[in-house]
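Colleague: Pasting in a structure now, in structure tokens, and then I'll have a few things to ask.
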Amino acid sequence: MKRIMVIGAVGQIGSELTMELRNIYGNDNVMAVGRKTPPSDELKNSGPFAFSNILNYEEMKKLIADFGTDTIYLMAAILSATGEKNPMLAYRVNNDGLMNVLEASRELKLEKVLIPSSIAAFGPETPRDNTPNDTILKPKTMYGISKVHGELLCDYYFYKYGLDVRGLRYPGIISYKTPPGGGTTDYTVEMYRAAVEGKPYTCFVKESTVLPMMYMPDALKSIIDLANADIKNLKHHSDFNVTAMSFSAGELADSIRKYIPGFKVTYEPDFRQKIADSWPMSLDDTVAREEWGWSPDYDLDMMTKDMIENLPSVL
Ligand code: SER
């Protein structure tokens with residue numbers, strides 16, 4: 001029987017991933033672990049929930065052992081923009097936190113560990129169009145540096161200890177239930193929220209800024225599919241490019257205007273512009289398609305329709 005722990009379960013992806021895994025494996029078999037109070041009672045009341053901090057090794061290890069955990073999804077991270085404001089915090093949470101989870105997983109002989117990496121692993125020297133899976137990794141943010149370190153560390157645990165660690169490089173993730181926090185790609189969700197609230201939006205990157213993106217149902221599908229992939233087919237482990245779409249901030253505004261015609265956006269780039277400019281504009285995810293059958297369902301217009309239909313229920 002599966003006993004799954006989602007660490008970082010209160011964040012944008014972790015909160016929805018927990019509910020999806022509870023639907024698949026049963027509420028009692030999926031423990032949510034977070035540092036903050038969950039935004040909705042659903043997460044806390046539908047299954048086991050514990051407060052803990054990945055920097056507290058002994059507490060975390062005991063939680064993992066006591067639950068009889070066999071699989072961990074590690075979703076806790078300090079993202080790019082918050083990381084640039086507080087690099088030491090990003091360093092500790094993203095590197096030491098990961099190390100703690102990998103060590104506990106090795107000691108307790110877990111079956112599987114899932115850890116997302118990010119487009120932040122790339123840097124300005126990386127080819128920005130259709131960025132290959134295996135390419136130059138010289139990020140300039142602390143978040144990106146911790147993601148490259150994480151990919152290497154995860155592979156180290158796989159090859160040295162045989163711990164089955166898997167990970168994928170998420171693009172910007174867009175969703176309506178839980179807002180993202182501290183990322184460079186957050187302008188996308190902020191733009192949808194402003195539009196649905198009938199407010200104008202001041203975007204913190206230029207209108208022409210293009211980044212790879214993915215809608216939440218595809219983000220959940222990708223990590224769960226990777227978890228269930230046959231290990232015999234995997235040549236990569238912790239560093240799969242995955243993507244669904246690429247668009248500029250201006251194209252996103254245009255897509256929203258198909259539903260909300262009067263929506264006004266102005267552009268006032270801040271420090272996050274430089275981060276966005278150092279990341280790929282589009283990703284080549286052939287390796288994920290070939291090794292575990294990755295394929296997204298949502299494009300920009302399908303996502304916009306779904307966001308605009310569903311956001312009013314949470315605002
Ligand atoms: N969404 C993240 C960020 O913007 C990228 O992984 O930091």
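Identifiers for the structure tokens are assigned positionally: chains receive A, B, ... in sequence, residues are indexed from 1 per chain, and ligands are indexed from 1 in the order shown.
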What residues have any atom no more than 7 Å from ligand 1 when counting only C-alpha atoms and all ligand atoms, and can you list them as an mmCIF file with N, CA, C and O atoms, in the first residue's frame?

Modeller:
```cif
data_model
loop_
_atom_site.group_PDB
_atom_site.id
_atom_site.type_symbol
_atom_site.label_atom_id
_atom_site.label_comp_id
_atom_site.auth_asym_id
_atom_site.auth_seq_id
_atom_site.Cartn_x
_atom_site.Cartn_y
_atom_site.Cartn_z
ATOM 1 N N LEU A 79 11.296 30.426 -3.745
ATOM 2 C CA LEU A 79 11.383 30.651 -5.195
ATOM 3 C C LEU A 79 12.307 31.829 -5.541
ATOM 4 O O LEU A 79 12.894 32.463 -4.667
ATOM 5 N N SER A 80 12.377 32.107 -6.844
ATOM 6 C CA SER A 80 13.438 32.985 -7.357
ATOM 7 C C SER A 80 13.421 34.411 -6.799
ATOM 8 O O SER A 80 14.466 34.932 -6.408
ATOM 9 N N ALA A 81 12.254 35.049 -6.766
ATOM 10 C CA ALA A 81 12.222 36.463 -6.374
ATOM 11 C C ALA A 81 12.470 36.615 -4.874
ATOM 12 O O ALA A 81 13.295 37.432 -4.444
ATOM 13 N N SER A 118 13.456 23.249 -11.881
ATOM 14 C CA SER A 118 12.798 24.434 -12.440
ATOM 15 C C SER A 118 13.553 24.950 -13.660
ATOM 16 O O SER A 118 14.762 24.683 -13.807
ATOM 17 N N ILE A 119 12.863 25.759 -14.461
ATOM 18 C CA ILE A 119 13.546 26.490 -15.540
ATOM 19 C C ILE A 119 14.621 27.410 -14.968
ATOM 20 O O ILE A 119 15.497 27.855 -15.692
ATOM 21 N N ALA A 120 14.542 27.686 -13.662
ATOM 22 C CA ALA A 120 15.554 28.534 -13.022
ATOM 23 C C ALA A 120 16.929 27.874 -13.002
ATOM 24 O O ALA A 120 17.922 28.535 -12.708
ATOM 25 N N TYR A 170 10.030 22.203 -13.774
ATOM 26 C CA TYR A 170 8.770 22.893 -14.041
ATOM 27 C C TYR A 170 9.032 24.252 -14.683
ATOM 28 O O TYR A 170 9.923 24.984 -14.258
ATOM 29 N N PRO A 171 8.194 24.631 -15.652
ATOM 30 C CA PRO A 171 8.153 26.030 -16.100
ATOM 31 C C PRO A 171 7.296 26.822 -15.107
ATOM 32 O O PRO A 171 6.995 26.313 -14.023
ATOM 33 N N GLY A 172 6.879 28.019 -15.414
ATOM 34 C CA GLY A 172 5.962 28.754 -14.545
ATOM 35 C C GLY A 172 4.660 27.973 -14.426
ATOM 36 O O GLY A 172 4.116 27.520 -15.432
ATOM 37 N N ILE A 173 4.165 27.811 -13.203
ATOM 38 C CA ILE A 173 2.926 27.041 -12.989
ATOM 39 C C ILE A 173 1.787 28.006 -12.666
ATOM 40 O O ILE A 173 1.884 28.826 -11.752
ATOM 41 N N GLY A 182 6.338 34.440 -4.337
ATOM 42 C CA GLY A 182 7.777 34.695 -4.409
ATOM 43 C C GLY A 182 8.469 34.265 -5.682
ATOM 44 O O GLY A 182 9.687 34.207 -5.743
ATOM 45 N N GLY A 183 7.706 33.979 -6.736
ATOM 46 C CA GLY A 183 8.327 33.569 -7.996
ATOM 47 C C GLY A 183 8.344 34.696 -9.026
ATOM 48 O O GLY A 183 7.583 35.662 -8.904
ATOM 49 N N THR A 184 9.177 34.534 -10.040
ATOM 50 C CA THR A 184 9.239 35.504 -11.129
ATOM 51 C C THR A 184 8.049 35.326 -12.072
ATOM 52 O O THR A 184 7.597 36.279 -12.706
ATOM 53 N N THR A 185 7.526 34.110 -12.163
ATOM 54 C CA THR A 185 6.407 33.862 -13.081
ATOM 55 C C THR A 185 5.042 34.188 -12.448
ATOM 56 O O THR A 185 4.006 33.971 -13.070
ATOM 57 N N ASP A 186 5.055 34.736 -11.240
ATOM 58 C CA ASP A 186 3.782 35.026 -10.532
ATOM 59 C C ASP A 186 2.912 36.060 -11.255
ATOM 60 O O ASP A 186 1.703 36.142 -10.995
#
```

Colleague: List every residue of range 117-302 of chain A that DSSP, applied to the backbone, labels as alpha helix (DSSP H), and write the result as JSON, numbers by chain.

Modeller: {"A": [142, 143, 144, 145, 146, 147, 148, 149, 150, 151, 152, 153, 154, 155, 156, 157, 158, 159, 160, 161, 187, 188, 189, 190, 191, 192, 193, 194, 195, 196, 216, 217, 218, 219, 220, 221, 222, 223, 224, 225, 226, 227, 228, 249, 250, 251, 252, 253, 254, 255, 256, 257, 272, 273, 274, 275, 276, 277, 286, 287, 288, 289, 290, 291, 292, 300, 301, 302]}

Colleague: If you count only C-alpha atoms, which residues fall within 12 Å of Leu63 in chain A, apart from same-chain ones fewer than 2 positions away, as a short mmCIF file (atom, residue, chain, number, x, y, z; two decimals) with all heavy atoms, in the first residue's frame?

Modeller:
```cif
data_model
loop_
_atom_site.label_atom_id
_atom_site.label_comp_id
_atom_site.auth_asym_id
_atom_site.auth_seq_id
_atom_site.Cartn_x
_atom_site.Cartn_y
_atom_site.Cartn_z
N ILE A 4 2.14 8.10 1.33
CA ILE A 4 2.79 9.23 0.67
C ILE A 4 2.83 10.45 1.58
O ILE A 4 1.85 10.76 2.26
CB ILE A 4 2.01 9.59 -0.63
CG1 ILE A 4 2.04 8.39 -1.59
CG2 ILE A 4 2.60 10.82 -1.29
CD1 ILE A 4 1.15 8.56 -2.80
N MET A 5 3.95 11.15 1.58
CA MET A 5 4.05 12.40 2.32
C MET A 5 4.36 13.53 1.34
O MET A 5 5.28 13.41 0.54
CB MET A 5 5.16 12.29 3.36
CG MET A 5 5.31 13.52 4.19
SD MET A 5 6.52 13.27 5.52
CE MET A 5 5.58 12.27 6.64
N VAL A 6 3.56 14.58 1.41
CA VAL A 6 3.83 15.77 0.60
C VAL A 6 4.40 16.82 1.55
O VAL A 6 3.71 17.29 2.46
CB VAL A 6 2.55 16.31 -0.08
CG1 VAL A 6 2.88 17.56 -0.91
CG2 VAL A 6 1.92 15.24 -0.97
N ILE A 7 5.65 17.16 1.34
CA ILE A 7 6.30 18.17 2.19
C ILE A 7 6.26 19.50 1.43
O ILE A 7 6.66 19.56 0.26
CB ILE A 7 7.76 17.76 2.50
CG1 ILE A 7 7.77 16.42 3.23
CG2 ILE A 7 8.46 18.85 3.31
CD1 ILE A 7 9.16 15.84 3.46
N MET A 31 -0.12 12.10 3.72
CA MET A 31 0.06 13.09 4.78
C MET A 31 0.58 14.40 4.19
O MET A 31 1.54 14.41 3.41
CB MET A 31 1.04 12.60 5.84
CG MET A 31 1.34 13.71 6.81
SD MET A 31 2.29 13.31 8.26
CE MET A 31 1.24 12.34 9.21
N ALA A 32 -0.07 15.48 4.59
CA ALA A 32 0.37 16.82 4.18
C ALA A 32 1.25 17.40 5.29
O ALA A 32 0.87 17.37 6.45
CB ALA A 32 -0.84 17.71 3.96
N VAL A 33 2.42 17.90 4.91
CA VAL A 33 3.31 18.52 5.90
C VAL A 33 3.60 19.94 5.45
O VAL A 33 4.00 20.17 4.30
CB VAL A 33 4.63 17.73 6.03
CG1 VAL A 33 5.57 18.41 7.02
CG2 VAL A 33 4.36 16.29 6.46
N GLY A 34 3.37 20.89 6.34
CA GLY A 34 3.61 22.28 5.99
C GLY A 34 4.12 23.07 7.17
O GLY A 34 4.12 22.59 8.31
N PRO A 48 -4.42 13.25 6.95
CA PRO A 48 -3.44 13.63 7.97
C PRO A 48 -2.66 14.89 7.59
O PRO A 48 -2.32 15.08 6.43
CB PRO A 48 -2.50 12.42 8.04
CG PRO A 48 -2.87 11.51 6.93
CD PRO A 48 -4.18 11.93 6.37
N PHE A 49 -2.43 15.73 8.61
CA PHE A 49 -1.69 16.98 8.40
C PHE A 49 -0.74 17.18 9.58
O PHE A 49 -1.12 16.95 10.72
CB PHE A 49 -2.64 18.18 8.30
CG PHE A 49 -1.92 19.48 8.07
CD1 PHE A 49 -1.65 19.92 6.78
CD2 PHE A 49 -1.45 20.23 9.14
CE1 PHE A 49 -0.95 21.11 6.56
CE2 PHE A 49 -0.75 21.42 8.93
CZ PHE A 49 -0.50 21.85 7.64
N ALA A 50 0.49 17.61 9.29
CA ALA A 50 1.43 17.91 10.39
C ALA A 50 2.19 19.18 10.07
O ALA A 50 2.51 19.45 8.90
CB ALA A 50 2.42 16.76 10.55
N PHE A 51 2.45 19.96 11.12
CA PHE A 51 3.34 21.12 10.97
C PHE A 51 4.77 20.63 11.17
O PHE A 51 5.06 19.93 12.15
CB PHE A 51 3.04 22.19 12.03
CG PHE A 51 1.77 22.93 11.78
CD1 PHE A 51 0.64 22.66 12.54
CD2 PHE A 51 1.70 23.90 10.79
CE1 PHE A 51 -0.56 23.34 12.30
CE2 PHE A 51 0.51 24.58 10.56
CZ PHE A 51 -0.61 24.31 11.32
N SER A 52 5.66 20.99 10.25
CA SER A 52 7.07 20.69 10.47
C SER A 52 7.90 21.55 9.53
O SER A 52 7.38 22.16 8.60
CB SER A 52 7.35 19.21 10.22
OG SER A 52 8.66 18.89 10.64
N ASN A 53 9.20 21.60 9.80
CA ASN A 53 10.11 22.41 9.01
C ASN A 53 11.21 21.48 8.51
O ASN A 53 11.82 20.77 9.33
CB ASN A 53 10.67 23.51 9.93
CG ASN A 53 11.57 24.47 9.18
OD1 ASN A 53 12.19 24.11 8.18
ND2 ASN A 53 11.65 25.68 9.68
N ILE A 54 11.48 21.49 7.21
CA ILE A 54 12.49 20.55 6.68
C ILE A 54 13.88 20.80 7.23
O ILE A 54 14.76 19.97 7.09
CB ILE A 54 12.60 20.53 5.14
CG1 ILE A 54 12.46 21.91 4.53
CG2 ILE A 54 11.70 19.53 4.51
CD1 ILE A 54 12.77 21.92 3.04
N ASN A 56 14.50 20.96 10.31
CA ASN A 56 14.58 20.21 11.57
C ASN A 56 14.66 18.72 11.23
O ASN A 56 13.65 18.03 11.10
CB ASN A 56 13.35 20.53 12.43
CG ASN A 56 13.44 19.88 13.79
OD1 ASN A 56 14.17 18.91 14.00
ND2 ASN A 56 12.69 20.43 14.73
N TYR A 57 15.89 18.24 11.10
CA TYR A 57 16.10 16.87 10.59
C TYR A 57 15.44 15.79 11.45
O TYR A 57 14.73 14.93 10.92
CB TYR A 57 17.61 16.59 10.48
CG TYR A 57 17.90 15.22 9.93
CD1 TYR A 57 17.63 14.92 8.59
CD2 TYR A 57 18.42 14.20 10.74
CE1 TYR A 57 17.87 13.65 8.08
CE2 TYR A 57 18.66 12.94 10.24
CZ TYR A 57 18.39 12.66 8.90
OH TYR A 57 18.61 11.42 8.40
N GLU A 58 15.67 15.85 12.76
CA GLU A 58 15.16 14.76 13.61
C GLU A 58 13.64 14.71 13.62
O GLU A 58 13.03 13.65 13.54
CB GLU A 58 15.70 14.89 15.05
CG GLU A 58 17.20 14.62 15.17
CD GLU A 58 17.63 13.26 14.60
OE1 GLU A 58 16.84 12.31 14.63
OE2 GLU A 58 18.77 13.16 14.10
N GLU A 59 13.01 15.91 13.68
CA GLU A 59 11.54 15.97 13.69
C GLU A 59 10.98 15.42 12.38
O GLU A 59 10.03 14.62 12.35
CB GLU A 59 11.11 17.41 13.90
CG GLU A 59 9.61 17.60 13.98
CD GLU A 59 9.23 19.07 14.11
OE1 GLU A 59 9.09 19.74 13.05
OE2 GLU A 59 9.07 19.55 15.22
N MET A 60 11.60 15.83 11.28
CA MET A 60 11.13 15.40 9.95
C MET A 60 11.31 13.88 9.79
O MET A 60 10.40 13.19 9.33
CB MET A 60 11.93 16.17 8.89
CG MET A 60 11.50 15.98 7.47
SD MET A 60 9.79 16.45 7.14
CE MET A 60 9.87 18.22 7.27
N LYS A 61 12.45 13.40 10.20
CA LYS A 61 12.72 11.95 10.05
C LYS A 61 11.72 11.13 10.87
O LYS A 61 11.21 10.11 10.40
CB LYS A 61 14.15 11.66 10.51
CG LYS A 61 14.59 10.25 10.19
CD LYS A 61 16.03 10.04 10.56
CE LYS A 61 16.30 8.57 10.79
NZ LYS A 61 17.57 8.33 11.47
N ALA A 65 9.09 8.40 9.45
CA ALA A 65 9.10 7.02 9.96
C ALA A 65 7.74 6.66 10.57
O ALA A 65 7.17 5.61 10.27
CB ALA A 65 10.21 6.87 11.00
N ASP A 66 7.21 7.54 11.42
CA ASP A 66 5.95 7.23 12.13
C ASP A 66 4.78 7.01 11.18
O ASP A 66 3.88 6.23 11.46
CB ASP A 66 5.59 8.36 13.11
CG ASP A 66 6.53 8.37 14.31
OD1 ASP A 66 7.34 7.43 14.43
OD2 ASP A 66 6.48 9.34 15.10
N PHE A 67 4.79 7.71 10.04
CA PHE A 67 3.68 7.56 9.09
C PHE A 67 3.84 6.29 8.24
O PHE A 67 2.93 5.90 7.52
CB PHE A 67 3.61 8.81 8.19
CG PHE A 67 2.41 8.87 7.30
CD1 PHE A 67 1.12 8.87 7.83
CD2 PHE A 67 2.55 8.91 5.92
CE1 PHE A 67 0.00 8.92 6.99
CE2 PHE A 67 1.43 8.97 5.08
CZ PHE A 67 0.16 8.96 5.63
N GLY A 68 5.00 5.66 8.34
CA GLY A 68 5.27 4.49 7.48
C GLY A 68 5.41 4.90 6.03
O GLY A 68 5.02 4.17 5.11
N THR A 69 5.99 6.08 5.83
CA THR A 69 6.08 6.67 4.48
C THR A 69 6.91 5.81 3.54
O THR A 69 7.98 5.33 3.92
CB THR A 69 6.77 8.07 4.59
OG1 THR A 69 6.13 8.81 5.63
CG2 THR A 69 6.72 8.82 3.28
N ILE A 72 7.95 10.24 -0.96
CA ILE A 72 7.88 11.65 -0.57
C ILE A 72 7.83 12.52 -1.83
O ILE A 72 8.57 12.26 -2.79
CB ILE A 72 9.11 12.07 0.27
CG1 ILE A 72 9.05 11.43 1.65
CG2 ILE A 72 9.20 13.59 0.40
CD1 ILE A 72 10.23 11.75 2.54
N VAL A 101 15.94 15.74 3.53
CA VAL A 101 14.93 14.80 3.02
C VAL A 101 15.62 13.61 2.34
O VAL A 101 15.21 12.45 2.53
CB VAL A 101 13.96 15.53 2.06
CG1 VAL A 101 13.07 14.53 1.32
CG2 VAL A 101 13.09 16.52 2.84
N ALA A 104 17.17 11.38 5.18
CA ALA A 104 16.14 10.63 5.91
C ALA A 104 15.59 9.52 5.02
O ALA A 104 15.35 8.39 5.48
CB ALA A 104 15.03 11.58 6.36
N SER A 105 15.40 9.81 3.75
CA SER A 105 14.85 8.82 2.81
C SER A 105 15.82 7.65 2.63
O SER A 105 15.41 6.49 2.53
CB SER A 105 14.57 9.46 1.45
OG SER A 105 13.68 10.54 1.61
N LEU A 108 15.86 5.63 5.99
CA LEU A 108 14.61 4.89 6.23
C LEU A 108 14.25 3.99 5.05
O LEU A 108 13.18 3.38 5.05
CB LEU A 108 13.47 5.88 6.52
CG LEU A 108 13.65 6.73 7.79
CD1 LEU A 108 12.63 7.87 7.84
CD2 LEU A 108 13.54 5.85 9.04
#
```

Colleague: I'd like to know which of A:Phe240, A:Tyr176, A:Phe271, A:Tyr143 is closest to Tyr215 in chain A, using only C-alpha atoms.

Modeller: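 Among the listed residues, A:Tyr176 lies closest to Tyr215 in chain A.
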
Colleague: Could you tell me how far CA of Pro87 in chain A sits from CA of Leu137 in chain A, in Å to one decimal place?

Modeller: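 Here the two named atoms are 18.8 Å from each other.
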